[in-house]
Structures are given as structure tokens and as C-alpha cells.
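Source file: my_file-v7.csv. Holds: CSV, C-alpha atoms.
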```
chain,number,residue,atom,x,y,z
A,1,MET,CA,20.1,-6.8,12.4
A,2,GLY,CA,18.1,-7.6,9.2
A,3,GLN,CA,14.9,-9.6,9.1
A,4,SER,CA,14.3,-12.6,6.9
A,5,PRO,CA,12.4,-11.9,3.7
A,6,GLU,CA,10.1,-14.8,4.6
A,7,LEU,CA,9.2,-13.1,7.9
A,8,LEU,CA,8.8,-9.7,6.2
A,9,ARG,CA,6.5,-11.2,3.6
A,10,ARG,CA,4.3,-12.6,6.4
A,11,LEU,CA,4.3,-9.3,8.3
A,12,LEU,CA,3.3,-7.5,5.1
A,13,ARG,CA,0.2,-9.8,5.0
A,14,ALA,CA,-0.8,-8.4,8.4
A,15,LYS,CA,-0.2,-4.8,7.2
A,16,ASP,CA,-2.2,-5.5,4.1
A,17,ARG,CA,-5.1,-6.6,6.2
A,18,ILE,CA,-5.0,-3.4,8.2
A,19,ASP,CA,-4.8,-1.4,5.0
A,20,GLU,CA,-7.9,-3.2,3.7
A,21,ALA,CA,-10.0,-2.6,6.9
A,22,PRO,CA,-8.4,-0.1,9.3
A,23,HIS,CA,-11.7,0.4,11.1
A,24,GLU,CA,-11.6,-3.2,12.4
A,25,ASP,CA,-10.2,-4.1,15.8
A,26,TRP,CA,-6.6,-5.0,15.2
A,27,LEU,CA,-5.4,-6.6,18.4
A,28,VAL,CA,-1.9,-8.0,18.4
A,29,PRO,CA,-2.9,-11.7,18.7
A,30,ARG,CA,-5.1,-11.4,15.6
A,31,LEU,CA,-2.3,-9.8,13.6
A,32,ALA,CA,0.3,-12.2,14.9
A,33,GLN,CA,-1.8,-15.1,13.7
A,34,ILE,CA,-2.0,-13.6,10.2
A,35,SER,CA,1.8,-13.3,10.2
A,36,ALA,CA,2.3,-16.7,11.8
A,37,VAL,CA,4.4,-15.1,14.5
A,38,SER,CA,4.1,-15.4,18.2
A,39,PRO,CA,2.2,-12.4,19.7
A,40,ALA,CA,5.2,-11.7,21.9
A,41,HIS,CA,7.4,-11.1,18.9
A,42,PHE,CA,4.8,-9.5,16.5
A,43,ALA,CA,4.7,-5.9,17.6
A,44,ARG,CA,8.5,-5.7,17.8
A,45,ALA,CA,9.0,-7.4,14.4
A,46,PHE,CA,6.4,-5.2,12.8
A,47,LYS,CA,7.9,-2.0,14.2
A,48,GLN,CA,11.4,-3.1,13.0
A,49,ALA,CA,10.0,-3.8,9.5
A,50,PHE,CA,7.7,-0.8,9.0
A,51,GLY,CA,9.0,1.8,11.4
A,52,VAL,CA,5.9,2.1,13.6
A,53,PRO,CA,4.3,-0.2,16.1
A,54,PRO,CA,1.1,-1.9,14.7
A,55,HIS,CA,-1.3,0.1,16.9
A,56,ARG,CA,0.1,3.4,15.6
A,57,TYR,CA,0.0,2.1,12.1
A,58,VAL,CA,-3.7,1.4,12.5
A,59,LEU,CA,-4.1,4.9,13.8
A,60,THR,CA,-2.5,6.5,10.8
A,61,ARG,CA,-4.7,4.5,8.4
A,62,ARG,CA,-7.8,5.5,10.3
A,63,ILE,CA,-6.9,9.2,10.4
A,64,GLU,CA,-6.0,9.1,6.8
A,65,ARG,CA,-9.4,7.6,5.9
A,66,ALA,CA,-11.1,10.1,8.1
A,67,THR,CA,-9.4,13.0,6.5
A,68,GLY,CA,-10.5,11.7,3.1
A,69,LEU,CA,-14.1,11.4,4.2
A,70,LEU,CA,-14.0,14.9,5.7
A,71,ARG,CA,-12.6,16.3,2.5
A,72,GLU,CA,-14.7,14.5,0.0
A,73,THR,CA,-18.0,13.8,1.7
A,74,ALA,CA,-20.6,15.7,3.6
A,75,LEU,CA,-21.0,12.9,6.2
A,76,PRO,CA,-21.6,14.0,9.7
A,77,ILE,CA,-18.4,13.9,11.8
A,78,THR,CA,-19.9,11.4,14.2
A,79,GLU,CA,-20.6,9.1,11.3
A,80,ILE,CA,-17.0,9.4,10.1
A,81,ALA,CA,-15.7,8.6,13.5
A,82,PHE,CA,-17.7,5.4,13.7
A,83,GLN,CA,-17.0,4.4,10.1
A,84,THR,CA,-13.2,4.8,10.7
A,85,GLY,CA,-13.2,2.6,13.8
A,86,TRP,CA,-13.6,4.9,16.8
A,87,THR,CA,-16.1,4.0,19.4
A,88,SER,CA,-16.1,7.5,20.9
A,89,LEU,CA,-16.4,10.8,19.2
A,90,GLY,CA,-14.3,12.5,21.9
A,91,THR,CA,-11.3,10.1,21.3
A,92,PHE,CA,-11.6,10.6,17.6
A,93,GLY,CA,-11.6,14.4,17.9
A,94,ARG,CA,-8.7,14.5,20.4
A,95,VAL,CA,-6.5,12.1,18.4
A,96,PHE,CA,-7.3,13.9,15.1
A,97,GLN,CA,-6.5,17.3,16.7
A,98,ASP,CA,-3.2,15.9,18.1
A,99,ILE,CA,-2.2,14.6,14.7
A,100,ASN,CA,-3.4,17.3,12.3
A,101,GLY,CA,-3.3,20.3,14.6
A,102,ALA,CA,-7.0,21.0,13.7
A,103,SER,CA,-10.3,19.7,14.8
A,104,PRO,CA,-12.1,17.5,12.3
A,105,SER,CA,-14.6,20.4,11.5
A,106,GLU,CA,-11.7,22.9,11.1
A,107,PHE,CA,-9.9,20.4,8.9
A,108,ARG,CA,-13.0,19.9,6.7
A,109,GLU,CA,-13.5,23.7,6.2
A,110,ARG,CA,-9.9,24.2,5.2
A,111,ALA,CA,-9.7,21.1,3.0
A,112,GLN,CA,-12.9,21.9,1.1
A,113,ALA,CA,-11.8,25.5,0.6
A,114,SER,CA,-8.7,24.4,-1.1
A,115,ALA,CA,-10.0,21.5,-3.0
A,116,LEU,CA,-7.2,20.0,-5.1
A,117,GLN,CA,-7.6,18.2,-8.4
A,118,LEU,CA,-5.7,14.9,-7.6
A,119,GLN,CA,-7.8,12.3,-9.3
A,120,HIS,CA,-5.1,11.3,-11.8
A,121,VAL,CA,-2.9,9.9,-9.1
A,122,PRO,CA,-3.6,6.3,-8.3
A,123,GLU,CA,-5.9,6.2,-5.3
A,124,CYS,CA,-3.6,4.0,-3.2
A,125,ILE,CA,-0.7,6.4,-3.7
A,126,LEU,CA,-2.9,9.4,-3.0
A,127,ARG,CA,-4.0,7.9,0.3
A,128,ALA,CA,-0.5,7.1,1.3
A,129,ALA,CA,0.6,10.7,0.5
A,130,HIS,CA,-2.1,12.0,2.8
A,131,ARG,CA,-1.2,9.6,5.6
A,132,PRO,CA,0.1,11.3,8.8
A,133,ASP,CA,3.7,10.5,9.6
A,134,LEU,CA,3.5,9.3,13.1
A,135,THR,CA,7.2,8.8,14.0
A,136,THR,CA,6.3,9.3,17.6
A,137,ALA,CA,3.4,8.1,19.6
A,138,VAL,CA,0.5,10.5,19.7
A,139,SER,CA,0.7,10.8,23.4
A,140,GLU,CA,4.4,11.5,23.1
A,141,LYS,CA,3.7,14.0,20.5
A,142,ARG,CA,1.3,15.9,22.8
A,143,GLN,CA,3.9,15.7,25.5
A,144,GLN,CA,6.7,16.9,23.2
A,145,LYS,CA,4.5,19.9,22.1
A,146,SER,CA,4.1,21.0,25.7
A,147,ILE,CA,7.9,20.5,26.3
A,148,ASP,CA,8.6,22.6,23.2
A,149,ILE,CA,6.4,25.3,24.3
A,150,THR,CA,7.9,25.5,27.8
A,151,THR,CA,11.5,25.2,26.6
A,152,THR,CA,11.6,27.1,23.4
A,153,SER,CA,13.1,30.2,24.9
A,154,SER,CA,16.0,28.4,26.5
A,155,THR,CA,16.9,25.9,23.7
A,156,GLU,CA,19.9,26.5,21.5
A,157,CYS,CA,18.4,24.7,18.6
A,158,PRO,CA,14.9,26.0,18.1
A,159,SER,CA,12.2,23.4,17.4
A,160,LYS,CA,10.5,23.4,14.0
A,161,GLU,CA,7.4,25.0,15.4
A,162,SER,CA,9.2,28.1,16.6
A,163,ILE,CA,11.1,28.7,13.3
B,164,MET,CA,4.1,0.8,-32.3
B,165,THR,CA,7.7,0.4,-33.4
B,166,GLN,CA,9.4,2.2,-30.6
B,167,GLY,CA,8.9,2.2,-26.8
B,168,ILE,CA,9.8,0.5,-23.6
B,169,GLY,CA,10.7,-3.1,-24.2
B,170,VAL,CA,11.4,-4.6,-20.8
B,171,VAL,CA,10.7,-3.6,-17.3
B,172,GLY,CA,12.0,-5.9,-14.5
B,173,LEU,CA,10.6,-6.9,-11.2
B,174,TYR,CA,12.6,-8.4,-8.4
B,175,VAL,CA,11.1,-11.6,-7.2
B,176,ARG,CA,11.9,-14.0,-4.3
B,177,ASP,CA,12.1,-17.1,-6.5
B,178,GLN,CA,12.0,-17.3,-10.3
B,179,ASP,CA,10.2,-20.7,-10.5
B,180,GLU,CA,7.5,-19.5,-8.0
B,181,ALA,CA,7.1,-16.2,-9.9
B,182,LEU,CA,7.0,-18.0,-13.3
B,183,ALA,CA,4.2,-20.3,-12.0
B,184,PHE,CA,2.3,-17.3,-10.7
B,185,TYR,CA,2.5,-15.1,-13.7
B,186,VAL,CA,1.9,-17.8,-16.2
B,187,GLU,CA,-0.5,-20.2,-14.5
B,188,LYS,CA,-2.5,-17.6,-12.5
B,189,LEU,CA,-2.2,-14.3,-14.4
B,190,GLY,CA,-2.2,-16.0,-17.8
B,191,PHE,CA,1.1,-14.4,-19.0
B,192,ARG,CA,3.4,-16.4,-21.3
B,193,VAL,CA,7.1,-16.9,-21.2
B,194,HIS,CA,9.0,-14.7,-23.6
B,195,THR,CA,12.6,-15.6,-22.7
B,196,ASP,CA,14.0,-18.1,-20.3
B,197,ALA,CA,17.8,-18.1,-20.7
B,198,ARG,CA,20.4,-19.4,-18.3
B,199,ASN,CA,24.0,-18.7,-18.0
B,200,GLY,CA,25.4,-20.7,-15.2
B,201,ASP,CA,23.4,-19.7,-12.1
B,202,TYR,CA,22.1,-16.5,-13.8
B,203,ARG,CA,18.7,-16.7,-15.3
B,204,TRP,CA,17.2,-14.0,-17.6
B,205,LEU,CA,13.5,-14.6,-17.4
B,206,THR,CA,10.8,-12.5,-19.0
B,207,VAL,CA,7.1,-13.0,-19.5
B,208,GLN,CA,4.6,-11.0,-21.4
B,209,HIS,CA,0.9,-10.3,-21.5
B,210,PRO,CA,-0.7,-12.4,-24.3
B,211,GLU,CA,-2.2,-9.3,-25.9
B,212,GLN,CA,0.9,-7.1,-25.6
B,213,ALA,CA,3.7,-8.6,-27.7
B,214,SER,CA,5.8,-5.4,-27.6
B,215,PHE,CA,6.4,-5.5,-23.8
B,216,GLN,CA,8.2,-7.9,-21.6
B,217,LEU,CA,8.1,-8.1,-17.8
B,218,GLY,CA,11.4,-9.4,-16.4
B,219,LEU,CA,11.2,-11.6,-13.3
B,220,PHE,CA,14.6,-11.1,-11.9
B,221,LEU,CA,16.4,-12.4,-8.8
B,222,PRO,CA,18.4,-9.9,-6.8
B,223,GLY,CA,21.9,-11.3,-6.6
B,224,PRO,CA,25.2,-11.9,-8.4
B,225,PRO,CA,26.5,-10.8,-10.9
B,226,ILE,CA,24.4,-7.6,-10.5
B,227,HIS,CA,24.4,-7.3,-6.7
B,228,ASP,CA,26.7,-8.0,-3.9
B,229,ALA,CA,25.3,-10.1,-1.1
B,230,ALA,CA,24.3,-7.3,1.2
B,231,THR,CA,22.5,-5.4,-1.6
B,232,ALA,CA,20.7,-8.5,-2.7
B,233,GLN,CA,19.5,-9.1,0.8
B,234,THR,CA,18.3,-5.5,1.1
B,235,LEU,CA,16.4,-5.9,-2.2
B,236,ARG,CA,14.8,-9.1,-1.1
B,237,GLU,CA,13.7,-7.4,2.2
B,238,MET,CA,12.3,-4.4,0.3
B,239,VAL,CA,10.3,-6.7,-2.1
B,240,ALA,CA,9.0,-8.7,0.9
B,241,LYS,CA,7.9,-5.5,2.6
B,242,GLY,CA,5.9,-4.4,-0.4
B,243,ALA,CA,8.2,-1.4,-0.9
B,244,MET,CA,8.6,-1.7,-4.6
B,245,PRO,CA,6.7,0.7,-7.0
B,246,PRO,CA,3.2,-0.1,-7.9
B,247,LEU,CA,2.3,-2.1,-11.0
B,248,VAL,CA,-1.0,-1.7,-12.9
B,249,LEU,CA,-2.8,-4.2,-15.0
B,250,MET,CA,-5.5,-2.9,-17.3
B,251,VAL,CA,-8.5,-5.2,-17.9
B,252,ASP,CA,-11.8,-5.1,-19.7
B,253,ASP,CA,-13.8,-6.4,-16.8
B,254,CYS,CA,-12.2,-6.0,-13.3
B,255,ARG,CA,-14.8,-7.9,-11.4
B,256,ALA,CA,-14.7,-10.9,-13.7
B,257,THR,CA,-10.9,-10.9,-13.7
B,258,CYS,CA,-10.8,-10.7,-9.9
B,259,GLU,CA,-13.3,-13.6,-9.5
B,260,ARG,CA,-11.1,-15.8,-11.7
B,261,LEU,CA,-7.9,-14.8,-9.9
B,262,ASP,CA,-9.5,-15.2,-6.5
B,263,ALA,CA,-10.6,-18.7,-7.4
B,264,LEU,CA,-6.9,-19.5,-8.3
B,265,GLY,CA,-5.8,-18.3,-4.8
B,266,VAL,CA,-4.3,-15.0,-5.7
B,267,GLU,CA,-3.7,-12.9,-2.6
B,268,PHE,CA,-6.0,-9.9,-2.9
B,269,THR,CA,-5.3,-6.7,-0.9
B,270,GLN,CA,-8.4,-4.9,-2.1
B,271,LYS,CA,-11.6,-6.4,-3.5
B,272,PRO,CA,-13.0,-4.7,-6.6
B,273,MET,CA,-14.6,-1.4,-5.9
B,274,ASN,CA,-16.1,1.4,-8.0
B,275,ARG,CA,-14.0,4.5,-7.9
B,276,TYR,CA,-13.3,7.5,-10.2
B,277,GLY,CA,-15.7,6.2,-12.8
B,278,THR,CA,-14.1,2.8,-13.1
B,279,VAL,CA,-13.5,-0.4,-11.0
B,280,ASP,CA,-10.2,-1.2,-9.4
B,281,ALA,CA,-8.8,-3.9,-7.2
B,282,GLY,CA,-5.4,-4.9,-5.7
B,283,PHE,CA,-3.4,-8.0,-5.3
B,284,ARG,CA,0.2,-9.1,-4.6
B,285,ASP,CA,2.4,-11.6,-6.3
B,286,PRO,CA,4.0,-14.2,-4.1
B,287,SER,CA,7.1,-12.1,-3.6
B,288,GLY,CA,5.2,-9.1,-2.3
B,289,ASN,CA,5.0,-6.9,-5.4
B,290,GLY,CA,1.8,-5.0,-5.4
B,291,TRP,CA,-0.5,-4.8,-8.4
B,292,LYS,CA,-3.6,-2.8,-9.1
B,293,ILE,CA,-6.2,-4.1,-11.6
B,294,ILE,CA,-8.0,-1.2,-13.2
B,295,GLU,CA,-10.9,-1.6,-15.6
B,296,LEU,CA,-10.3,0.1,-18.9
B,297,VAL,CA,-12.8,2.9,-19.5
B,298,VAL,CA,-13.4,3.2,-23.2
B,299,PRO,CA,-13.5,6.9,-24.0
B,300,LYS,CA,-16.6,8.3,-25.6
B,301,SER,CA,-16.3,9.0,-29.3
B,302,PRO,CA,-16.3,12.7,-30.2
B,303,SER,CA,-19.9,12.4,-31.6
B,304,GLN,CA,-21.1,11.0,-28.2
B,305,VAL,CA,-19.3,13.8,-26.3
B,306,SER,CA,-20.8,16.5,-28.3
B,307,GLN,CA,-24.3,15.1,-27.8
```

Let's see the structure in the file written out as C-alpha cells.
Amino acid sequence: MGQSPELLRRLLRAKDRIDEAPHEDWLVPRLAQISAVSPAHFARAFKQAFGVPPHRYVLTRRIERATGLLRETALPITEIAFQTGWTSLGTFGRVFQDINGASPSEFRERAQASALQLQHVPECILRAAHRPDLTTAVSEKRQQKSIDITTTSSTECPSKESI
Amino acid sequence: MTQGIGVVGLYVRDQDEALAFYVEKLGFRVHTDARNGDYRWLTVQHPEQASFQLGLFLPGPPIHDAATAQTLREMVAKGAMPPLVLMVDDCRATCERLDALGVEFTQKPMNRYGTVDAGFRDPSGNGWKIIELVVPKSPSQVSQ
């Protein structure tokens, strides 16, 4: 079922606010208020509109900003974690590893070794291009990975990782 | 310039609303406002760019069937349309003026890549960047 353009425009307003400041605390009641939707309906409507639940969208924006800071600055990783909205370095490291398959410091080494010249692409597009595609929840992803590992030998259709 | 792109269109939610926004807030002016029954061909242009028109078009008949028009309205409202870029002499001053007029900013002006940029949306959901024009150094300055 489609969503009304009026509702979508209001949901976009909440998404824009996340985009502007992904490090802030984005609890559903706050986002729902921006969109003028009841909190009960917000998360579902947001997911239907943009493909991911709001919490996971916030996560993608934080990780994307963190990868940018790792690549382009020499800031300590603890500082990057706090700047991008995590309150614990451990959580940041774990989520980052789950999403990117590398720890923040490994990612930094690799990214800086293969520095690309991308400055002629508009910055907003560049950031979007580097955003992780979290079509499944991070916890699900972790679970899926362990399932893949344990079942690869017996599956008829091999998972991407085993190809 | 005697050749080049003449018109590029945007889909908008409501042509009157879009017209008010682009003319009264952004300072564009109407180039063509022609009606044929329910159909309205509406283009505006930047006051300093006479060779280019920005079309403010409504998804719908006779171009689109009802389902396609609805999809386009949804896409615009979700901010899924391609980015638009406005070049200005002074990004901060422009943003201050637009902000005072109630334009919905998605990004306050910030220094980046040797210039200043900001972001806003039109009432329909189309996303714009405002980028400050960097005047290239003359060859004599470069060689110095």
C-alpha cells in the first residue's frame, strides 16, 4: 500500500534532521514529533518509506561519518567514536567491525593506503556512496554470518562470502 | 552562449506553492505560465541566467497515468529526486536571507573543499545545495 506524499514529506523532515546531526540521540518520540506522526506509527511508516527502521538509519549515518573521519583525519579513534554519537568505544568498535568487516584502525590503515581523489563529487553524494547498506539489522547480520559459516558446506546455493 | 540546455524540469507537489517559493523566496522570476485546460506549463528562471528555465511541473495527465503520477509524487516527497545546485557569490549571506524567509535548511553553511556550501529543500521535497562560487585565480596569480 502506498503512503501519502504529505506523510512522506513529513517523514523526510525527520530523516533530514538525522542527516544533519546523526550523533544526536534520535529516540522515536522526538522523530515522531518532527514528522507529526504518533510514535506508535512512526517507526513503521519510516521503514516503509525509506527501507530501514529509523534506529538503523541513524546507525548507517554514524558509521558513514566515522569512516569519513577515519579516512580523512588523524583524530584518535576514541574521539571519533564520541563525535559520531557513541557513548562507548567498545560498542562503536563492535558495530563498526560488524558492518565493515574491519576494526576502525584496520579500516583507517587500508583507507589511507588507497586514498582516492573524489573531491569533485558533491560532498552529499560522496557521503551517501560510502554509506553502509544495512538491509538487515546489525545483530541479524552477525547471526547470519555465523549461520553462513556453519551451513556453507551443506547449502545448495552458496552464500556470497563463500563464492 | 547561443546553444545549450534550455529547460530542465522539476516535479513539484503544487504549482502555486512552488511558484511562490521559487519567486518570493529564491528570487527567481516567471518565464512562462501557460495553461491548456488543466495542464499548466510553468517555468521560472534565475534573474541572472536568461538562457535557462527551470520547469515546475506537476506529475499527472496527459504525461502520466494515475499510478505513475502517484509514484512520482511519493518519490519527490521522499527527497529521492536528483540534487540541484545553486551557485552564489556569498553562501552565508544568501542562507541568512533565505533562513529569515523560512526556507527549510537541511544543512547550515559550512566551509568545505575551499568553498562554502549549504543545503535546503523546496516545499515539495526537492533538495538543493547552495555552493559559493570560487573565482579562479588568474594565470598571473597562479604563476606567482

Any idea what the distance is between CA of Thr269 (chain B) and CA of Asn289 (chain B)?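 Result for CA of Thr269 (chain B) versus CA of Asn289 (chain B): 11.2 Å, one decimal.
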
Just want the 10 Å neighbourhood of Gly223 (chain B), counted on only C-alpha atoms, with same-chain residues fewer than 3 positions away dropped. Output as a PyMOL selection string. chain B and resi 174+202+220+226-233+235-236

Between CA of Ala113 (chain A) and CA of Leu69 (chain A), what distance in Å does the model show, to one decimal?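 If I compute the distance from CA of Ala113 (chain A) to CA of Leu69 (chain A), I get 14.7 Å.
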
Mind listing as an mmCIF file with C-alpha atoms, keeping the file's coordinate frame all residues within 12 Å of (4.3, -1.5, -33.2), counting all atoms listed in the file?
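Resulting contents of point_36.cif:
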```
data_model
loop_
_atom_site.group_PDB
_atom_site.id
_atom_site.type_symbol
_atom_site.label_atom_id
_atom_site.label_comp_id
_atom_site.auth_asym_id
_atom_site.auth_seq_id
_atom_site.Cartn_x
_atom_site.Cartn_y
_atom_site.Cartn_z
ATOM 1 C CA MET B 164 4.100 0.800 -32.300
ATOM 2 C CA THR B 165 7.700 0.400 -33.400
ATOM 3 C CA GLN B 166 9.400 2.200 -30.600
ATOM 4 C CA GLY B 167 8.900 2.200 -26.800
ATOM 5 C CA ILE B 168 9.800 0.500 -23.600
ATOM 6 C CA GLY B 169 10.700 -3.100 -24.200
ATOM 7 C CA GLN B 212 0.900 -7.100 -25.600
ATOM 8 C CA ALA B 213 3.700 -8.600 -27.700
ATOM 9 C CA SER B 214 5.800 -5.400 -27.600
ATOM 10 C CA PHE B 215 6.400 -5.500 -23.800
#
```

Close residues, Gly288 (chain B) itself excluded, 6 Å, only C-alpha atoms, min 5 positions apart in chain, as JSON, numbers by chain: {"B": [239, 240, 242]}

For region 26-35 of chain A, work out the shell of residues within 9 Å, counting all atoms listed in the file and skipping chain neighbours fewer than 2 positions away, then give it as a list in words.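 Counting only the stated atoms, we get Leu7, Leu8, Arg9, Arg10, Leu11, Leu12, Arg13, Ala14, Lys15, Arg17, Ile18, Pro22, His23, Glu24, Val37, Ser38, Pro39, Ala40, His41, Phe42, Ala43, Pro54, His55 and Val58 of chain A.
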
Could the residues of chain B within 12 Å of chain A, counting all atoms listed in the file, be given as a ChimeraX atom specification, please? /B:175-177,230-243,245-248,267-294

Take CA of Glu259 (chain B) and CA of Leu189 (chain B) and report the distance between them in Å, one decimal.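 We find that CA of Glu259 (chain B) and CA of Leu189 (chain B) lie 12.2 Å from each other.
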
So which residues touch Arg260 (chain B) within 12 Å, counting all atoms listed in the file, skipping near sequence neighbours fewer than 6 positions away, as a PyMOL selection string? chain B and resi 187-190+253-254+266+268

Considering all atoms listed in the file, state which residue in the set A:Arg56, A:Gly68, A:Ile63, A:Trp86 is at the smallest distance from Asn100 (chain A).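 Looking at the shortest contact to Asn100 (chain A), the residue is A:Ile63.
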
Kindly extract all protein, DNA and RNA residues lying within 9 Å of the coordinates (-10.4, 12.0, 7.9) given in the file, considering all atoms listed in the file, and supply them as a PyMOL selection string. chain A and resi 62-71+80-81+84+96+104+107-108
